[in-house]
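Working notes, beginning with the structure itself.
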Amino acid sequence: MLSSAIGTVKGPGETLHEYNFIAPDPDRQLKHGEFVYYTAPVDGSERRILGRITDRAAVKLFPDTFLADPSVPPHTVAAMLGYESNATELFEITVTVLGYYDECLYDFTNPRVPPQGGAPVFIAEDDMLTDLLSRGRQGELGSAYIGDLLSRDPGAVPVALEVRGFTSTHLAIIASTGSGKSYLAGVLLEELMMPYNRASVLVIDPHGEYDTLQQVQNMESFRDLGYSPKVRIFRPQDLRVRISSLTLPDLRYLLTNLSEKMHYQLGRAYRYAQRTWGEDKYTLEQLLRAVREVGDGAQSEDEAADDDPTTGALIWRLGAALGGSGIFHDFENLELDELFQPGMCTLVQLNEVEPRQQQVIVAALLRRVYQARIDTERGKIQRGERNHVPFPVFCLLEEAHNFAPANADAVSSDQLKIILSEGRKFGVGVGLISQRPGRLDSDVLSQCMTQCIMRITNPIDQNRIAESVESVGRDMLKELPALSKGQVIVSGASVNTPLMLRVRTRRTEHGGEDINAPAQWRHWFENEQPAQAAENALFAEKELERDEDGMLWA
Amino acid sequence: MTDQIGVIVNSNSHIDYVCQLHGPLEREQRPPPDAYAFGSFVAISLPPFPATFQDTGQSPTAYAPCLIGVVYNSMLVNPNFSNLGPRLSSQYEQTVFSPDLLDETATLVGVLALGWQDSAGPQQGTPRLAAEVGATVRRLTGEEVKQFHRDARGQLSLRYAAAILALNNSLVPALLLDIIDRLGTFFPQEQAILQVMRDNVAWKSIVQPAG
Ligand SMILES: Nc1ncnc2c1ncn2[C@@H]1O[C@H](COP(=O)(O)OP(=O)(O)OP(=O)(O)O)[C@@H](O)[C@H]1O
Ligand SMILES: [Mg+2]
């Protein structure tokens, strides 16, 4: 059924895939980013050729001088002069053609049939858009319903990402601080935990703000015939990285500013330890011994070589970096089978962990799970072994610019790059969240094939987005500073065309709420201060008693 | 009729008429100067003229069909002007011996037709009918001018403004400003809308050309 036309084609636009149409648009329907179509014959049948509005210019405006007096509406002046029609506005609207949806190719095909001048243009119905725009379907296997089309009423056109798309070819969520990145990530995680997805997800949570996700375990809507999702939290004090699982680059990264000589000696000691006690089987004590063994001057095992300055310094540094922290441990490690399991979301909280240690922890985790996936896929590891991971995994990294910084080396950077380029073959997907795309390594950003971009005001960050994210058109990038909290532009592999969405409401609470300072200050006056005053009074009384005692004693 | 000021003697277009004012030797009195001043509204009678109209029993003046126009121009015609050669008779002798020669000095005014009046009342816009040579021209009363500027719904109307501005006549902006000023006193409650239009015309005709 055709709805009534909203405009009339004027002619082809500036580029091959554009056309212009003229519309009075009295109801202000034809917003930027809205979808319209015309019909054209393709291979013998009439198809609807969908397009997106990319520009809108008024072609008929009141003369400025009619607008001179704010208390006199310009149409009254026009009416006095004999123009009494309501049709006072007319717009020329530019449309970028997407094409008709080809059910075989699962994509839009541009028919290369430009609309005829004078042909009617229709606004695409909600149902049509629901069918065509998103790859997934709300509530179906392999779909993540993250929100509704922004140009339509809430709920009118739900958009579901194809989970397969972003878990294999990676995801980026980019926005200025406070625009709702963590909120959107929370929505995604909820969807991944739903009975129709049951994903195995690891979240690197440097601020410890995803706790509230635990609520999914008790919510009826997440359950289904014997399935209920699990959320496991590793708090900073629960984190363990076995010292022998660190690689030589990890060690070098942890011990900053090593001299050439120390580098060399550390390398020899590392290989010595691996040779002597076996890969992944030595303790800090043994590593230190290895340092002494390979150091200058040390000949027998008992003879301390600490008097050699290089050996001494290296031992002291290793002890300081690994011995003092509760995270690096001789035997314990975060085991992969505790971290990864379908239907489980694991939160690794890194708050209060020193930045370099965070990077090493993340690098080690990523490396291990990637290796485990390769080995499992190639049949090198069998069921029952700890590193057996017979299912794809998805890792979400908050503050990703800390793990893949633009102009600095970080151990985690290299590991991330490997996974971003090769991970899809072995079912390791990553999602990166960052508020500073300008500080995120540009290779890393351009390898994420699904992009969720929210409000960005900083021009440097906007440029970085324009450089690294090809799939978003220029016209959409112009919207970035104008987006509000909770509005997102999604593009890339998980949707059929770039879309502007309103992120749906979370089912669980959002953990990353801003602190309400004035409310807390007030709370202090109403609750804390009286308590403190009472305590002080008590204390003073005691003093007084003592004084009296003292007086008595004197 | 005392309000009569002259007769149509020529036209330059469908809406641009030339009216010759009654002179001293015609039966009517010469009209007072403010009756044909720049910006005065006038009615140009249309056939059927009142004489034939009377049969229908309608009052001849109420809905007598006419064009409604405004005086926008004036010209003096003086055949003596270029006759600066030696004279045979003095000016005084001339009035005595050949009085009809004096007749040839005349005052002409240009009238733009802005609308018409028929049995449905006054209307603004380009009239369908044209006036004839000899049609009488009379001055409109204040009440008639007011009536002419009200549309069917009783709203202030200035439909002819765009049409006359489009004539590209250098006298038109001044004419419009003059009309708007006068309408302001007739329609005090619509003063603000008129002011917007006045500013618009004034800006384009006064400020922009001088800039
Ligand atoms: N779709 C939404 N609906 C309702 N509220 C939202 C939505 N998105 C974000 N918010 C609110 O906006 C605030 C900031 O959101 P969020 O914590 O996700 O920002 P962020 O981009 O992660 O910021 P930061 O860079 O500081 O981590 C929160 O208080 C959250 O409740
Ligand atoms: Mg956040």
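Naming works like this for the structure tokens: A, B, ... for the chains as they're shown, residue 1 at the start of each chain, ligands 1 onward in shown order.
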
Would you mind listing, for every residue of chain B within 9 Å of chain A, the two atoms forming the shortest contact and the distance between them in Å to one decimal, using only C-alpha atoms, sorted by chain and ascending residue number, as a Markdown table?
```
| residue | atom | partner | partner_atom | distance |
| --- | --- | --- | --- | --- |
| B:Gln155 | CA | A:Met80 | CA | 7.7 |
| B:Leu156 | CA | A:Met80 | CA | 6.1 |
| B:Ser157 | CA | A:Met80 | CA | 4.5 |
| B:Leu158 | CA | A:Leu81 | CA | 4.8 |
| B:Arg159 | CA | A:Leu81 | CA | 4.3 |
| B:Tyr160 | CA | A:Leu81 | CA | 7.2 |
| B:Ala161 | CA | A:Leu81 | CA | 6.6 |
| B:Ala162 | CA | A:Leu81 | CA | 7.1 |
| B:Ala192 | CA | A:Val72 | CA | 6.7 |
| B:Ile193 | CA | A:Val77 | CA | 5.9 |
| B:Leu194 | CA | A:Val77 | CA | 7.8 |
| B:Gln195 | CA | A:Asp69 | CA | 8.7 |
| B:Val196 | CA | A:Phe66 | CA | 6.2 |
| B:Met197 | CA | A:Val77 | CA | 7.0 |
| B:Asp199 | CA | A:Thr65 | CA | 7.5 |
| B:Asn200 | CA | A:Thr65 | CA | 5.4 |
| B:Val201 | CA | A:Thr65 | CA | 9.0 |
| B:Trp203 | CA | A:Thr65 | CA | 8.6 |
```

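Look at Thr107 (chain B): the protein and nucleic acid residues within 10 Å of it, using only C-alpha atoms and passing over chain neighbours fewer than 4 places away, are B:Gly6, B:Cys19, B:Gln20, B:Leu21, B:His22, B:Gly23, B:Ser74, B:Met75, B:Leu76, B:Val77, B:Asn78.
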
Generate a file of the selected residues that holds N, CA, C and O atoms, formatted as a short mmCIF file (atom, residue, chain, number, x, y, z; two decimals), in the first residue's frame.
```cif
data_model
loop_
_atom_site.label_atom_id
_atom_site.label_comp_id
_atom_site.auth_asym_id
_atom_site.auth_seq_id
_atom_site.Cartn_x
_atom_site.Cartn_y
_atom_site.Cartn_z
N GLY B 6 -12.42 65.61 -12.87
CA GLY B 6 -12.05 65.71 -14.28
C GLY B 6 -12.57 64.53 -15.06
O GLY B 6 -13.41 63.77 -14.60
N CYS B 19 -5.98 61.73 -16.67
CA CYS B 19 -7.21 62.44 -16.39
C CYS B 19 -6.96 63.93 -16.53
O CYS B 19 -5.98 64.45 -16.00
N GLN B 20 -7.82 64.57 -17.29
CA GLN B 20 -7.67 66.02 -17.40
C GLN B 20 -8.60 66.67 -16.39
O GLN B 20 -9.79 66.38 -16.32
N LEU B 21 -8.05 67.58 -15.59
CA LEU B 21 -8.85 68.23 -14.57
C LEU B 21 -9.78 69.24 -15.23
O LEU B 21 -9.46 69.82 -16.27
N HIS B 22 -10.95 69.44 -14.60
CA HIS B 22 -11.86 70.46 -15.10
C HIS B 22 -11.17 71.81 -15.05
O HIS B 22 -10.54 72.15 -14.05
N GLY B 23 -11.28 72.54 -16.15
CA GLY B 23 -10.62 73.84 -16.21
C GLY B 23 -11.59 74.96 -15.88
O GLY B 23 -12.78 74.71 -15.67
N SER B 74 1.48 64.08 -12.19
CA SER B 74 0.75 65.22 -12.76
C SER B 74 1.60 65.88 -13.85
O SER B 74 2.83 65.78 -13.80
N MET B 75 0.92 66.46 -14.83
CA MET B 75 1.62 67.15 -15.92
C MET B 75 0.86 68.42 -16.25
O MET B 75 -0.38 68.42 -16.23
N LEU B 76 1.59 69.47 -16.55
CA LEU B 76 0.94 70.70 -17.00
C LEU B 76 1.10 70.78 -18.51
O LEU B 76 2.17 70.45 -19.04
N VAL B 77 0.05 71.13 -19.19
CA VAL B 77 0.13 71.29 -20.64
C VAL B 77 -0.05 72.78 -20.96
O VAL B 77 -1.04 73.38 -20.58
N ASN B 78 0.95 73.31 -21.62
CA ASN B 78 0.91 74.73 -21.94
C ASN B 78 1.44 74.94 -23.35
O ASN B 78 2.65 74.93 -23.56
#
```

In region 203-373 of chain A, DSSP alpha helix (DSSP H) residues written as a PyMOL selection string: chain A and resi 248-254+260-277+284-294+309-318+336-339+355-373

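The gap separating CA of Lys230 (chain A) from CA of Glu399 (chain A) is 23.9 Å, in Å to one decimal.
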
Two-atom distance - CA of Pro158 (chain A), CA of Ser4 (chain A) (Å): 23.4 Å
